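J.: One structure coming up, written as structure tokens, with questions to follow.
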Amino acid sequence: HKSNMKNIAVQVGKFSTKSSKSIGRGLSTVVTTAKGVELFSPLIGLTEDQKQFYNLAREFADSEMRPKANIWDQESIFPIETYKKTAELGFAGLFIPEEVGGSGLNRTDTVVIIEALATGCVGTTAMLTIHNMCAGMINKYGNEEQRTRLLPAMCKMELKASYCLTEPGSGSDAGSLSTRAELDESTGEYVIN
């Protein structure tokens with residue numbers, strides 16, 4: 001966790017706070033926006049490390065995501081260069097162990113980062129969370145060869161991951177899915193019904 005914190009501190013230094021009125025920058029519990037709206041600070045209850053994570057992710061969202069989010073949506077753009085930048089910040093392998101290229105963060109730290117990124121572009125952040133979930137599944141259920149071959153590339157966004165969870169009649173309710181993959185013992189391959 002210490003080496004990761006050094007990296008995060010270096011990354012935080014790359015961004016500067018634009019205004020004391022920006023949401024999440026101040027240490028008070030109530031923040032006033034430029035339009036005079038009072039909001040509770042998203043930093044309430046966070047550790048010092050988590051505040052750094054939040055501020056780094058929020059600055060990235062403000063500078064790299066929000067200005068382009070409408071164009072990405074309107075033109076159906078998958079912002080690969082932005083995803084590569086998230087990897088440079090350690091956001092493409094948030095809870096993946098450092099020994100395979102990840103940031104080694106816990107779930108709470110990860111939620112803090114995702115919340116801050118989502119202020120810039122919910123869709124782009126959602127894809128990043130799916131990528132992180134897939135990496136987590138490989139980390140948890142993959143064998144050592146799969147972990148060492150796939151996770152370093154995923155943490156650098158050289159390899160992207162996703163999954164499908166929808167079909168007619170069930171939407172994204174996993175319990176209602178009717179598609180099944182079953183192992184055919186005679187061929188050793190999976191067959192989809």
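How things are named: the first chain in the structure tokens is A, the next is B, and so on; residues count from 1 in each chain; ligands count from 1 in the order shown.
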Neighbours of segment 81-83 of chain A within 9 Å (only C-alpha atoms; same-chain residues fewer than 5 positions away dropped), as a list in words?
T.: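 Skipping anything fewer than 5 positions along the chain leaves Glu64, Met65, Glu88, Phe91, Ala92, Thr124, Leu128 and Met157 of chain A.
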J.: As an mmCIF file with all heavy atoms, in the first residue's frame, please: all residues of segment 17-157 of chain A that backbone DSSP puts in strand (DSSP E).
T.:
data_model
loop_
_atom_site.group_PDB
_atom_site.id
_atom_site.type_symbol
_atom_site.label_atom_id
_atom_site.label_comp_id
_atom_site.auth_asym_id
_atom_site.auth_seq_id
_atom_site.Cartn_x
_atom_site.Cartn_y
_atom_site.Cartn_z
ATOM 1 N N VAL A 30 -19.747 21.168 4.315
ATOM 2 C CA VAL A 30 -20.655 21.738 3.323
ATOM 3 C C VAL A 30 -19.829 22.535 2.335
ATOM 4 O O VAL A 30 -18.969 23.317 2.704
ATOM 5 C CB VAL A 30 -21.718 22.651 3.984
ATOM 6 C CG1 VAL A 30 -22.610 23.298 2.944
ATOM 7 C CG2 VAL A 30 -22.551 21.849 4.971
ATOM 8 N N VAL A 31 -20.119 22.326 1.071
ATOM 9 C CA VAL A 31 -19.414 23.015 0.003
ATOM 10 C C VAL A 31 -20.432 23.831 -0.778
ATOM 11 O O VAL A 31 -21.527 23.358 -1.058
ATOM 12 C CB VAL A 31 -18.725 21.987 -0.936
ATOM 13 C CG1 VAL A 31 -18.041 22.689 -2.089
ATOM 14 C CG2 VAL A 31 -17.751 21.137 -0.151
ATOM 15 N N THR A 32 -20.072 25.052 -1.129
ATOM 16 C CA THR A 32 -20.943 25.899 -1.934
ATOM 17 C C THR A 32 -20.429 25.898 -3.367
ATOM 18 O O THR A 32 -19.265 26.198 -3.610
ATOM 19 C CB THR A 32 -20.983 27.336 -1.386
ATOM 20 O OG1 THR A 32 -21.378 27.289 -0.017
ATOM 21 C CG2 THR A 32 -21.960 28.190 -2.180
ATOM 22 N N GLU A 38 -25.562 24.697 -1.901
ATOM 23 C CA GLU A 38 -24.794 24.051 -0.841
ATOM 24 C C GLU A 38 -24.965 22.542 -0.928
ATOM 25 O O GLU A 38 -26.090 22.037 -0.997
ATOM 26 C CB GLU A 38 -25.238 24.554 0.532
ATOM 27 C CG GLU A 38 -24.801 25.969 0.817
ATOM 28 C CD GLU A 38 -25.057 26.387 2.246
ATOM 29 O OE1 GLU A 38 -25.702 25.634 3.004
ATOM 30 O OE2 GLU A 38 -24.610 27.490 2.601
ATOM 31 N N LEU A 39 -23.859 21.857 -0.922
ATOM 32 C CA LEU A 39 -23.843 20.395 -0.977
ATOM 33 C C LEU A 39 -22.946 19.863 0.118
ATOM 34 O O LEU A 39 -22.021 20.538 0.556
ATOM 35 C CB LEU A 39 -23.291 19.926 -2.336
ATOM 36 C CG LEU A 39 -24.001 20.415 -3.579
ATOM 37 C CD1 LEU A 39 -23.210 20.021 -4.812
ATOM 38 C CD2 LEU A 39 -25.396 19.828 -3.647
ATOM 39 N N PHE A 40 -23.203 18.633 0.531
ATOM 40 C CA PHE A 40 -22.299 18.006 1.472
ATOM 41 C C PHE A 40 -21.062 17.540 0.719
ATOM 42 O O PHE A 40 -21.148 17.012 -0.388
ATOM 43 C CB PHE A 40 -22.960 16.810 2.163
ATOM 44 C CG PHE A 40 -23.943 17.219 3.216
ATOM 45 C CD1 PHE A 40 -25.304 17.211 2.954
ATOM 46 C CD2 PHE A 40 -23.512 17.633 4.456
ATOM 47 C CE1 PHE A 40 -26.213 17.610 3.910
ATOM 48 C CE2 PHE A 40 -24.411 18.036 5.432
ATOM 49 C CZ PHE A 40 -25.765 18.014 5.154
#
J.: Give me the residues within 12 Å of Trp72 of chain A as a list in words, counting only C-alpha atoms and dropping any in the same chain fewer than 3 places off.
T.: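 My reading of the contact set: Glu64, Met65, Arg66, Pro67, Lys68, Ala69, Glu75, Ser76, Ile77, Phe78, Pro79, Ile80, Thr82, Gly120, Cys121, Val122, Gly123 and Thr124 of chain A.
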J.: Please report the interatomic distance between atom CA of Asn132 of chain A and atom CA of Ile96 of chain A in Å with one decimal.
T.: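 Straight-line distance from atom CA of Asn132 of chain A to atom CA of Ile96 of chain A works out to 8.3 Å.
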J.: Rank nothing, just name the residue among A:Pro152, A:Pro168, A:Gly45, A:Gly142 nearest to Gly102 of chain A, using only C-alpha atoms.
T.: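 With only C-alpha atoms as the atom set, the closest residue is A:Pro152.
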J.: Report, in Å to a single decimal, how far apart atom CA of Gln50 of chain A and atom CA of Thr108 of chain A are.
T.: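 So the answer is 8.6 Å.
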J.: From a DSSP pass on the backbone, collect the residues of chain A flagged as helix (DSSP H, G or I) and hand them back as a ChimeraX atom specification.
T.: /A:2-13,48-74,80-88,98-100,107-118,122-141,144-155,174-176
J.: Counting only C-alpha atoms, which of A:Gln52, A:Thr119, A:Lys140, A:Arg180 gets nearest to Phe95 of chain A?
T.: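 Using only C-alpha atoms, Phe95 of chain A sits closest to A:Lys140.
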J.: Kindly give the distance, in Å, that separates atom CA of Met137 of chain A and atom CA of Thr86 of chain A, rounded to a single decimal.
T.: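 Result for atom CA of Met137 of chain A versus atom CA of Thr86 of chain A: 19.8 Å, one decimal.
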J.: Which residues come within 7 Å of Leu117 of chain A, counting only C-alpha atoms, excluding same-chain residues fewer than 4 positions away, as a PyMOL selection string?
T.: chain A and resi 57-58+61+113+121+125
